[in-house]
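Text of structure_34.cif, listed as mmCIF, C-alpha atoms and all ligand atoms:
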data_start
#
loop_
_atom_site.group_PDB
_atom_site.id
_atom_site.type_symbol
_atom_site.label_atom_id
_atom_site.label_comp_id
_atom_site.auth_asym_id
_atom_site.auth_seq_id
_atom_site.Cartn_x
_atom_site.Cartn_y
_atom_site.Cartn_z
ATOM 1 C CA MET O 32 126.162 72.880 118.690
ATOM 2 C CA LEU O 33 123.517 75.134 117.204
ATOM 3 C CA THR O 34 124.399 77.488 114.367
ATOM 4 C CA ILE O 35 122.084 80.186 113.032
ATOM 5 C CA GLU O 36 122.599 81.828 109.669
ATOM 6 C CA PRO O 37 120.557 83.659 107.070
ATOM 7 C CA ILE O 38 119.436 82.244 103.739
ATOM 8 C CA ARG O 39 118.768 85.214 101.478
ATOM 9 C CA ALA O 40 115.488 85.317 99.572
ATOM 10 C CA PHE O 41 113.815 87.863 97.263
ATOM 11 C CA SER O 42 115.477 91.277 97.519
ATOM 12 C CA ASP O 43 115.867 91.663 101.279
ATOM 13 C CA ASN O 44 114.301 88.708 103.139
ATOM 14 C CA TYR O 45 116.232 86.523 105.552
ATOM 15 C CA ILE O 46 115.066 82.926 105.993
ATOM 16 C CA TRP O 47 116.822 81.931 109.235
ATOM 17 C CA LEU O 48 118.474 78.510 109.172
ATOM 18 C CA LEU O 49 119.085 76.805 112.535
ATOM 19 C CA THR O 50 121.343 73.774 112.332
ATOM 20 C CA ASP O 51 122.289 71.185 114.934
ATOM 21 C CA THR O 52 125.810 70.437 113.752
ATOM 22 C CA ALA O 53 125.873 67.158 115.724
ATOM 23 C CA ASN O 54 123.274 65.464 113.516
ATOM 24 C CA ASN O 55 122.770 67.892 110.567
ATOM 25 C CA HIS O 56 119.105 68.400 111.437
ATOM 26 C CA CYS O 57 117.827 71.889 110.813
ATOM 27 C CA PHE O 58 114.854 74.239 111.056
ATOM 28 C CA VAL O 59 114.041 77.270 108.943
ATOM 29 C CA VAL O 60 112.023 80.328 109.923
ATOM 30 C CA ASP O 61 109.609 81.996 107.477
ATOM 31 C CA PRO O 62 110.537 80.303 104.177
ATOM 32 C CA GLY O 63 108.968 82.706 101.704
ATOM 33 C CA ASP O 64 110.776 80.893 98.898
ATOM 34 C CA ALA O 65 111.563 77.149 98.842
ATOM 35 C CA GLU O 66 114.317 77.188 96.193
ATOM 36 C CA PRO O 67 117.151 78.777 98.199
ATOM 37 C CA VAL O 68 116.281 76.519 101.166
ATOM 38 C CA LEU O 69 116.292 73.342 99.047
ATOM 39 C CA GLU O 70 119.661 74.373 97.568
ATOM 40 C CA VAL O 71 121.221 74.713 101.030
ATOM 41 C CA LEU O 72 119.713 71.407 102.202
ATOM 42 C CA ALA O 73 121.189 69.606 99.188
ATOM 43 C CA GLU O 74 124.592 71.307 99.318
ATOM 44 C CA ARG O 75 125.101 70.587 102.993
ATOM 45 C CA GLN O 76 123.215 67.281 103.242
ATOM 46 C CA LEU O 77 120.906 68.708 105.926
ATOM 47 C CA THR O 78 117.608 67.198 107.058
ATOM 48 C CA LEU O 79 114.857 69.790 107.415
ATOM 49 C CA ALA O 80 113.186 68.754 110.674
ATOM 50 C CA GLY O 81 110.866 71.710 111.109
ATOM 51 C CA ILE O 82 109.626 75.082 109.909
ATOM 52 C CA LEU O 83 108.561 78.051 112.043
ATOM 53 C CA VAL O 84 106.130 80.571 110.550
ATOM 54 C CA THR O 85 105.480 83.987 112.118
ATOM 55 C CA HIS O 86 102.625 85.363 109.978
ATOM 56 C CA HIS O 87 100.681 84.884 106.779
ATOM 57 C CA HIS O 88 102.440 87.238 104.349
ATOM 58 C CA PHE O 89 103.538 85.566 101.124
ATOM 59 C CA ASP O 90 107.219 86.407 101.554
ATOM 60 C CA HIS O 91 107.133 84.326 104.775
ATOM 61 C CA VAL O 92 105.006 81.323 103.737
ATOM 62 C CA GLY O 93 105.382 81.065 99.940
ATOM 63 C CA GLY O 94 107.874 78.209 100.193
ATOM 64 C CA LEU O 95 105.691 75.958 102.360
ATOM 65 C CA PRO O 96 104.033 73.851 99.614
ATOM 66 C CA LEU O 97 107.321 72.879 97.916
ATOM 67 C CA LEU O 98 109.147 72.286 101.192
ATOM 68 C CA ARG O 99 106.346 70.015 102.361
ATOM 69 C CA GLU O 100 106.510 68.157 99.077
ATOM 70 C CA HIS O 101 110.287 67.625 99.240
ATOM 71 C CA THR O 102 110.864 67.171 103.005
ATOM 72 C CA SER O 103 109.063 65.736 106.017
ATOM 73 C CA ALA O 104 109.466 68.938 108.040
ATOM 74 C CA VAL O 105 106.920 69.590 110.786
ATOM 75 C CA VAL O 106 105.376 73.040 110.317
ATOM 76 C CA TYR O 107 104.533 75.362 113.228
ATOM 77 C CA GLY O 108 102.543 78.541 112.723
ATOM 78 C CA PRO O 109 99.785 80.811 113.960
ATOM 79 C CA HIS O 110 96.072 80.030 114.236
ATOM 80 C CA ASN O 111 95.261 81.391 110.800
ATOM 81 C CA PRO O 112 93.536 78.988 108.390
ATOM 82 C CA ALA O 113 94.722 81.169 105.496
ATOM 83 C CA ILE O 114 98.169 79.619 106.034
ATOM 84 C CA GLU O 115 97.859 76.129 104.572
ATOM 85 C CA GLY O 116 100.057 73.234 105.590
ATOM 86 C CA VAL O 117 100.601 74.071 109.266
ATOM 87 C CA ASP O 118 100.811 70.939 111.468
ATOM 88 C CA HIS O 119 100.830 72.708 114.841
ATOM 89 C CA ARG O 120 98.877 75.928 115.367
ATOM 90 C CA LEU O 121 100.394 78.024 118.158
ATOM 91 C CA ALA O 122 99.270 80.878 120.406
ATOM 92 C CA GLU O 123 100.669 82.948 123.279
ATOM 93 C CA GLY O 124 102.130 80.744 125.988
ATOM 94 C CA ASP O 125 102.518 77.599 123.883
ATOM 95 C CA THR O 126 105.939 75.948 123.941
ATOM 96 C CA LEU O 127 107.816 73.837 121.415
ATOM 97 C CA THR O 128 111.206 72.157 121.158
ATOM 98 C CA VAL O 129 113.504 73.207 118.313
ATOM 99 C CA LEU O 130 116.670 71.109 117.922
ATOM 100 C CA GLY O 131 116.712 70.498 121.672
ATOM 101 C CA LEU O 132 115.993 74.094 122.706
ATOM 102 C CA GLU O 133 112.709 75.089 124.304
ATOM 103 C CA PHE O 134 110.940 78.016 122.672
ATOM 104 C CA SER O 135 107.840 79.830 123.853
ATOM 105 C CA VAL O 136 105.335 81.597 121.650
ATOM 106 C CA LEU O 137 104.518 85.286 122.027
ATOM 107 C CA ALA O 138 101.465 86.841 120.383
ATOM 108 C CA VAL O 139 102.674 90.070 118.744
ATOM 109 C CA PRO O 140 99.785 91.437 116.654
ATOM 110 C CA GLY O 141 99.957 94.747 114.808
ATOM 111 C CA HIS O 142 101.869 94.215 111.533
ATOM 112 C CA THR O 143 99.298 91.467 110.965
ATOM 113 C CA MET O 144 96.795 90.252 113.537
ATOM 114 C CA ASP O 145 98.007 86.634 113.335
ATOM 115 C CA HIS O 146 101.663 87.510 113.983
ATOM 116 C CA ILE O 147 103.516 85.398 116.559
ATOM 117 C CA ALA O 148 107.170 85.403 117.684
ATOM 118 C CA TYR O 149 109.365 82.553 118.917
ATOM 119 C CA TYR O 150 111.501 83.117 122.023
ATOM 120 C CA CYS O 151 114.132 80.871 123.615
ATOM 121 C CA ALA O 152 115.310 81.960 127.070
ATOM 122 C CA GLY O 153 118.651 80.181 126.576
ATOM 123 C CA ASP O 154 121.043 79.092 129.302
ATOM 124 C CA SER O 155 124.656 79.582 130.379
ATOM 125 C CA GLU O 156 125.902 78.570 126.917
ATOM 126 C CA GLN O 157 123.100 79.794 124.686
ATOM 127 C CA PRO O 158 122.067 83.464 124.664
ATOM 128 C CA PRO O 159 118.330 84.136 124.450
ATOM 129 C CA LEU O 160 116.959 84.027 120.902
ATOM 130 C CA LEU O 161 114.011 85.836 119.360
ATOM 131 C CA PHE O 162 112.550 85.225 115.911
ATOM 132 C CA CYS O 163 110.176 88.132 115.450
ATOM 133 C CA GLY O 164 109.342 88.169 111.714
ATOM 134 C CA ASP O 165 108.113 91.613 110.667
ATOM 135 C CA THR O 166 107.165 92.966 114.111
ATOM 136 C CA LEU O 167 110.461 94.298 115.494
ATOM 137 C CA PHE O 168 113.153 95.145 112.926
ATOM 138 C CA ALA O 169 116.749 96.108 113.566
ATOM 139 C CA GLY O 170 116.357 99.838 114.138
ATOM 140 C CA GLY O 171 112.649 99.888 113.311
ATOM 141 C CA CYS O 172 109.342 98.021 113.281
ATOM 142 C CA GLY O 173 106.861 96.613 110.790
ATOM 143 C CA ARG O 174 104.142 98.601 109.107
ATOM 144 C CA MET O 175 100.635 98.311 110.520
ATOM 145 C CA PHE O 176 98.851 96.386 107.783
ATOM 146 C CA GLU O 177 96.145 94.983 110.044
ATOM 147 C CA GLY O 178 96.531 96.296 113.605
ATOM 148 C CA THR O 179 96.248 99.726 115.177
ATOM 149 C CA ALA O 180 99.045 101.742 116.784
ATOM 150 C CA PRO O 181 98.142 100.765 120.372
ATOM 151 C CA VAL O 182 98.116 97.074 119.369
ATOM 152 C CA LEU O 183 101.548 97.163 117.687
ATOM 153 C CA HIS O 184 102.937 99.385 120.441
ATOM 154 C CA GLY O 185 101.814 96.801 122.999
ATOM 155 C CA SER O 186 103.478 93.987 121.051
ATOM 156 C CA LEU O 187 106.766 95.902 120.793
ATOM 157 C CA ALA O 188 106.632 96.678 124.529
ATOM 158 C CA LYS O 189 106.299 92.951 125.185
ATOM 159 C CA LEU O 190 109.410 92.240 123.083
ATOM 160 C CA ALA O 191 111.323 95.172 124.575
ATOM 161 C CA ALA O 192 110.857 93.632 128.045
ATOM 162 C CA LEU O 193 112.886 90.510 127.130
ATOM 163 C CA PRO O 194 116.481 90.266 128.421
ATOM 164 C CA GLY O 195 118.938 92.766 126.923
ATOM 165 C CA SER O 196 121.207 89.945 125.734
ATOM 166 C CA THR O 197 118.447 88.524 123.497
ATOM 167 C CA ARG O 198 119.592 88.070 119.883
ATOM 168 C CA VAL O 199 116.920 89.585 117.655
ATOM 169 C CA TYR O 200 116.414 87.788 114.342
ATOM 170 C CA CYS O 201 114.031 89.768 112.164
ATOM 171 C CA ALA O 202 113.059 88.774 108.636
ATOM 172 C CA HIS O 203 114.326 91.669 106.494
ATOM 173 C CA GLU O 204 117.496 93.651 105.872
ATOM 174 C CA TYR O 205 115.943 97.080 106.442
ATOM 175 C CA THR O 206 118.426 98.334 109.031
ATOM 176 C CA GLN O 207 120.181 101.087 107.128
ATOM 177 C CA ALA O 208 116.947 102.798 106.042
ATOM 178 C CA ASN O 209 115.523 102.340 109.538
ATOM 179 C CA LEU O 210 118.543 104.046 111.083
ATOM 180 C CA ARG O 211 118.279 106.995 108.672
ATOM 181 C CA PHE O 212 114.827 107.581 110.113
ATOM 182 C CA ALA O 213 116.036 106.954 113.678
ATOM 183 C CA ARG O 214 118.715 109.636 113.250
ATOM 184 C CA ALA O 215 116.088 112.128 112.114
ATOM 185 C CA VAL O 216 114.168 111.349 115.327
ATOM 186 C CA GLU O 217 117.194 111.412 117.664
ATOM 187 C CA PRO O 218 120.035 113.388 116.053
ATOM 188 C CA ASP O 219 121.895 113.641 119.391
ATOM 189 C CA ASN O 220 121.798 109.929 120.319
ATOM 190 C CA GLU O 221 125.485 108.896 120.353
ATOM 191 C CA ALA O 222 124.768 105.146 120.546
ATOM 192 C CA LEU O 223 122.585 105.529 117.460
ATOM 193 C CA ALA O 224 125.266 107.457 115.565
ATOM 194 C CA GLU O 225 127.779 104.711 116.376
ATOM 195 C CA ARG O 226 125.343 102.003 115.295
ATOM 196 C CA ALA O 227 124.694 103.819 111.998
ATOM 197 C CA ARG O 228 128.464 103.808 111.316
ATOM 198 C CA GLU O 229 128.729 100.078 112.069
ATOM 199 C CA VAL O 230 125.741 99.276 109.862
ATOM 200 C CA ALA O 231 127.074 101.380 106.978
ATOM 201 C CA ALA O 232 130.354 99.420 107.125
ATOM 202 C CA LEU O 233 128.532 96.075 107.086
ATOM 203 C CA ARG O 234 126.294 97.068 104.198
ATOM 204 C CA ALA O 235 129.242 98.378 102.187
ATOM 205 C CA THR O 236 130.433 94.751 101.997
ATOM 206 C CA ASP O 237 126.890 93.346 101.665
ATOM 207 C CA ASP O 238 127.062 91.711 105.116
ATOM 208 C CA PRO O 239 123.923 91.161 107.200
ATOM 209 C CA THR O 240 123.188 93.598 110.028
ATOM 210 C CA VAL O 241 120.920 91.018 111.705
ATOM 211 C CA PRO O 242 120.817 89.701 114.389
ATOM 212 C CA SER O 243 121.043 92.651 116.726
ATOM 213 C CA GLU O 244 120.902 92.605 120.516
ATOM 214 C CA LEU O 245 117.783 93.737 122.296
ATOM 215 C CA ALA O 246 119.775 96.094 124.564
ATOM 216 C CA GLN O 247 121.005 97.853 121.418
ATOM 217 C CA GLU O 248 117.445 98.104 120.097
ATOM 218 C CA ARG O 249 116.306 99.681 123.362
ATOM 219 C CA ALA O 250 119.151 102.217 123.074
ATOM 220 C CA THR O 251 118.738 103.104 119.391
ATOM 221 C CA ASN O 252 115.379 101.983 117.937
ATOM 222 C CA PRO O 253 112.969 104.938 118.106
ATOM 223 C CA PHE O 254 109.931 102.656 118.183
ATOM 224 C CA LEU O 255 111.168 101.240 121.517
ATOM 225 C CA ARG O 256 111.979 104.736 122.815
ATOM 226 C CA CYS O 257 108.580 106.417 122.762
ATOM 227 C CA ALA O 258 108.873 107.351 126.451
ATOM 228 C CA GLU O 259 112.167 109.216 125.851
ATOM 229 C CA PRO O 260 111.707 112.999 126.130
ATOM 230 C CA ALA O 261 114.067 113.512 123.151
ATOM 231 C CA VAL O 262 111.733 111.515 120.874
ATOM 232 C CA ALA O 263 108.643 113.503 121.836
ATOM 233 C CA ALA O 264 110.687 116.727 121.559
ATOM 234 C CA THR O 265 111.546 116.004 117.906
ATOM 235 C CA LEU O 266 107.905 115.276 117.103
ATOM 236 C CA HIS O 267 106.972 118.592 118.720
ATOM 237 C CA SER O 268 109.647 120.629 116.930
ATOM 238 C CA GLN O 269 108.785 119.017 113.571
ATOM 239 C CA GLY O 270 105.093 119.721 114.101
ATOM 240 C CA LYS O 271 104.241 115.988 113.918
ATOM 241 C CA TRP O 272 102.524 115.609 117.260
ATOM 242 C CA GLN O 273 102.096 117.644 120.440
ATOM 243 C CA GLY O 274 101.300 114.922 122.998
ATOM 244 C CA GLU O 275 103.609 113.017 125.340
ATOM 245 C CA LYS O 276 101.912 109.646 125.940
ATOM 246 C CA PRO O 277 104.180 106.848 124.663
ATOM 247 C CA GLU O 278 101.460 105.125 122.640
ATOM 248 C CA GLU O 279 100.541 108.409 120.960
ATOM 249 C CA VAL O 280 104.212 109.143 120.314
ATOM 250 C CA PHE O 281 104.434 105.668 118.759
ATOM 251 C CA ALA O 282 101.478 106.333 116.443
ATOM 252 C CA ALA O 283 102.982 109.654 115.334
ATOM 253 C CA LEU O 284 106.391 108.031 114.702
ATOM 254 C CA ARG O 285 104.851 105.195 112.673
ATOM 255 C CA THR O 286 102.876 107.673 110.543
ATOM 256 C CA TRP O 287 105.966 109.820 109.969
ATOM 257 C CA LYS O 288 108.078 106.784 109.019
ATOM 258 C CA ASP O 289 105.447 105.643 106.479
ATOM 259 C CA SER O 290 106.187 108.741 104.389
ATOM 260 C CA PHE O 291 109.843 109.301 105.353
HETATM 261 ZN ZN ZN O 301 104.869 90.785 106.783
#
Transcribe the structure of this file into structure tokens.
Amino acid sequence: MLTIEPIRAFSDNYIWLLTDTANNHCFVVDPGDAEPVLEVLAERQLTLAGILVTHHHFDHVGGLPLLREHTSAVVYGPHNPAIEGVDHRLAEGDTLTVLGLEFSVLAVPGHTMDHIAYYCAGDSEQPPLLFCGDTLFAGGCGRMFEGTAPVLHGSLAKLAALPGSTRVYCAHEYTQANLRFARAVEPDNEALAERAREVAALRATDDPTVPSELAQERATNPFLRCAEPAVAATLHSQGKWQGEKPEEVFAALRTWKDSF
């Protein structure tokens, strides 16, 4: 059986730990810090078989040197030579096996240009899984450090087209702040109001709000709802943007969120 749980790092990062409970082999995703990972490996007597990296930011790769020194994990990551210690460089369409599950690689540039995501289509027992780093967040999306709005919008559209039952594992606990912005964009969205209540309850007890389900993101995440008339209407009434095209709505939303 596969279990997936967060290892907390820094102030709000999640390093996702995937464990095959039959043999205690595990993978981690985006180990920005090695220490909390090494602690879990020692405590639970787990063997780190592999590491998945989504993009080059330090809070996602900072733990690689120490983990390579202390384990024999195989490291998968994007075609970016700035990330040292990657054994297998991956691009759109590549596949890999993680603890017996087949994952495919999606190129999702925009937050950074090297950003990739890992998707497992699942089966009758395993729901689809998505590890999307800093591209799609619960209730929001990453900042555009390297890409342009049309590039990030295209990447999010690619993720939004995955099955609604996909479990979305992003790399930060940003949900509550993201939903505050979402409610400013869509004050009348009932599903969003309900989600905000659920998230507030989870955060009150310091519980993770990740993973979410993709269907819920499509219903409540403004960055996946740029074609909704209500989203454009708010931008118009707030004087943020007068156009209607989804990719222009996306750019206006991203700009607004940057200073929200
Ligand atoms: Zn990042």
Original post:
Mind telling me what the PyMOL selection byres (((chain O and resi 132) around 12) and not hetatm) catches here, as a list in words?
Top reply: Met32, Leu33, Leu49, Thr50, Asp51, Phe58, Thr126, Leu127, Thr128, Val129, Leu130, Gly131, Glu133, Phe134, Ser135, Tyr149, Tyr150, Cys151, Ala152, Gly153, Asp154, Glu156, Gln157, Pro158, Pro159 and Leu160 of chain O
Subject >> Nearest-residue call for Glu244 (chain O), choices O:Phe89, O:Phe168, O:Phe281, O:Trp47, using only C-alpha atoms >> reply: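 Residue with the minimum atom-to-atom distance to Glu244 (chain O): O:Phe168.
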Do you know which residues the PyMOL selection byres (((not hetatm)) within 9 of (chain O and resi 301)) returns on this file, as a short mmCIF file (atom, residue, chain, number, x, y, z; two decimals) with C-alpha atoms, in the coordinates of the input?
data_model
loop_
_atom_site.label_atom_id
_atom_site.label_comp_id
_atom_site.auth_asym_id
_atom_site.auth_seq_id
_atom_site.Cartn_x
_atom_site.Cartn_y
_atom_site.Cartn_z
CA THR O 85 105.48 83.99 112.12
CA HIS O 86 102.62 85.36 109.98
CA HIS O 87 100.68 84.88 106.78
CA HIS O 88 102.44 87.24 104.35
CA PHE O 89 103.54 85.57 101.12
CA ASP O 90 107.22 86.41 101.55
CA HIS O 91 107.13 84.33 104.78
CA HIS O 142 101.87 94.22 111.53
CA THR O 143 99.30 91.47 110.96
CA HIS O 146 101.66 87.51 113.98
CA GLY O 164 109.34 88.17 111.71
CA ASP O 165 108.11 91.61 110.67
CA THR O 166 107.16 92.97 114.11
CA GLY O 173 106.86 96.61 110.79
CA ARG O 174 104.14 98.60 109.11
CA PHE O 176 98.85 96.39 107.78
CA ALA O 202 113.06 88.77 108.64
#
**OP:** Evaluate the PyMOL selection byres (((chain O and resi 277) around 6) and not hetatm) on the structure here and hand back the selected residues as a PyMOL selection string.
**Re:** chain O and resi 257-258+276+278-280
**OP:** Counting all atoms listed in the file, note down every residue that has an atom within 12 Å of the point (108.6, 73.6, 102.8) (file coordinates), as a PyMOL selection string.
**Re:** chain O and resi 46+58-69+72+78-84+91-107+115-118
Now that the selection is made, can you save its residues with C-alpha atoms as a PDB file, in the frame of the given file?
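Everything below was put into again_22.pdb:
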ATOM      1  CA  ILE O  46     115.066  82.926 105.993  1.00  0.00           C
ATOM      2  CA  PHE O  58     114.854  74.239 111.056  1.00  0.00           C
ATOM      3  CA  VAL O  59     114.041  77.270 108.943  1.00  0.00           C
ATOM      4  CA  VAL O  60     112.023  80.328 109.923  1.00  0.00           C
ATOM      5  CA  ASP O  61     109.609  81.996 107.477  1.00  0.00           C
ATOM      6  CA  PRO O  62     110.537  80.303 104.177  1.00  0.00           C
ATOM      7  CA  GLY O  63     108.968  82.706 101.704  1.00  0.00           C
ATOM      8  CA  ASP O  64     110.776  80.893  98.898  1.00  0.00           C
ATOM      9  CA  ALA O  65     111.563  77.149  98.842  1.00  0.00           C
ATOM     10  CA  GLU O  66     114.317  77.188  96.193  1.00  0.00           C
ATOM     11  CA  PRO O  67     117.151  78.777  98.199  1.00  0.00           C
ATOM     12  CA  VAL O  68     116.281  76.519 101.166  1.00  0.00           C
ATOM     13  CA  LEU O  69     116.292  73.342  99.047  1.00  0.00           C
ATOM     14  CA  LEU O  72     119.713  71.407 102.202  1.00  0.00           C
ATOM     15  CA  THR O  78     117.608  67.198 107.058  1.00  0.00           C
ATOM     16  CA  LEU O  79     114.857  69.790 107.415  1.00  0.00           C
ATOM     17  CA  ALA O  80     113.186  68.754 110.674  1.00  0.00           C
ATOM     18  CA  GLY O  81     110.866  71.710 111.109  1.00  0.00           C
ATOM     19  CA  ILE O  82     109.626  75.082 109.909  1.00  0.00           C
ATOM     20  CA  LEU O  83     108.561  78.051 112.043  1.00  0.00           C
ATOM     21  CA  VAL O  84     106.130  80.571 110.550  1.00  0.00           C
ATOM     22  CA  HIS O  91     107.133  84.326 104.775  1.00  0.00           C
ATOM     23  CA  VAL O  92     105.006  81.323 103.737  1.00  0.00           C
ATOM     24  CA  GLY O  93     105.382  81.065  99.940  1.00  0.00           C
ATOM     25  CA  GLY O  94     107.874  78.209 100.193  1.00  0.00           C
ATOM     26  CA  LEU O  95     105.691  75.958 102.360  1.00  0.00           C
ATOM     27  CA  PRO O  96     104.033  73.851  99.614  1.00  0.00           C
ATOM     28  CA  LEU O  97     107.321  72.879  97.916  1.00  0.00           C
ATOM     29  CA  LEU O  98     109.147  72.286 101.192  1.00  0.00           C
ATOM     30  CA  ARG O  99     106.346  70.015 102.361  1.00  0.00           C
ATOM     31  CA  GLU O 100     106.510  68.157  99.077  1.00  0.00           C
ATOM     32  CA  HIS O 101     110.287  67.625  99.240  1.00  0.00           C
ATOM     33  CA  THR O 102     110.864  67.171 103.005  1.00  0.00           C
ATOM     34  CA  SER O 103     109.063  65.736 106.017  1.00  0.00           C
ATOM     35  CA  ALA O 104     109.466  68.938 108.040  1.00  0.00           C
ATOM     36  CA  VAL O 105     106.920  69.590 110.786  1.00  0.00           C
ATOM     37  CA  VAL O 106     105.376  73.040 110.317  1.00  0.00           C
ATOM     38  CA  TYR O 107     104.533  75.362 113.228  1.00  0.00           C
ATOM     39  CA  GLU O 115      97.859  76.129 104.572  1.00  0.00           C
ATOM     40  CA  GLY O 116     100.057  73.234 105.590  1.00  0.00           C
ATOM     41  CA  VAL O 117     100.601  74.071 109.266  1.00  0.00           C
ATOM     42  CA  ASP O 118     100.811  70.939 111.468  1.00  0.00           C
TER      43      ASP O 118
END
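Across the model, the gap from CA of Thr179 (chain O) to CA of Ala282 (chain O) is 8.5 Å.
For the choices O:Ala53, O:Glu217, O:Thr240, O:Asp289, the atom-to-atom distance to Glu259 (chain O) is smallest for O:Glu217 when using only C-alpha atoms.
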**OP:** Find the residue from O:Asp237, O:Glu74, O:Asp125, O:Asp219 that sits nearest to Ala138 (chain O); use only C-alpha atoms when measuring.
**Re:**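 Closest to Ala138 (chain O), using only C-alpha atoms: O:Asp125.
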**OP:** Can you work out the spacing between CA of Ala263 (chain O) and CA of Tyr205 (chain O) in Å, to one decimal?
**Re:**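 Interatomic distance here is 23.7 Å.
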**OP:** Using only C-alpha atoms, give me every residue within 10 Å of (117.5, 93.6, 115.4) in file coordinates, as a ChimeraX atom specification.
**Re:** /O:161-163,167-172,197-206,240-248,252
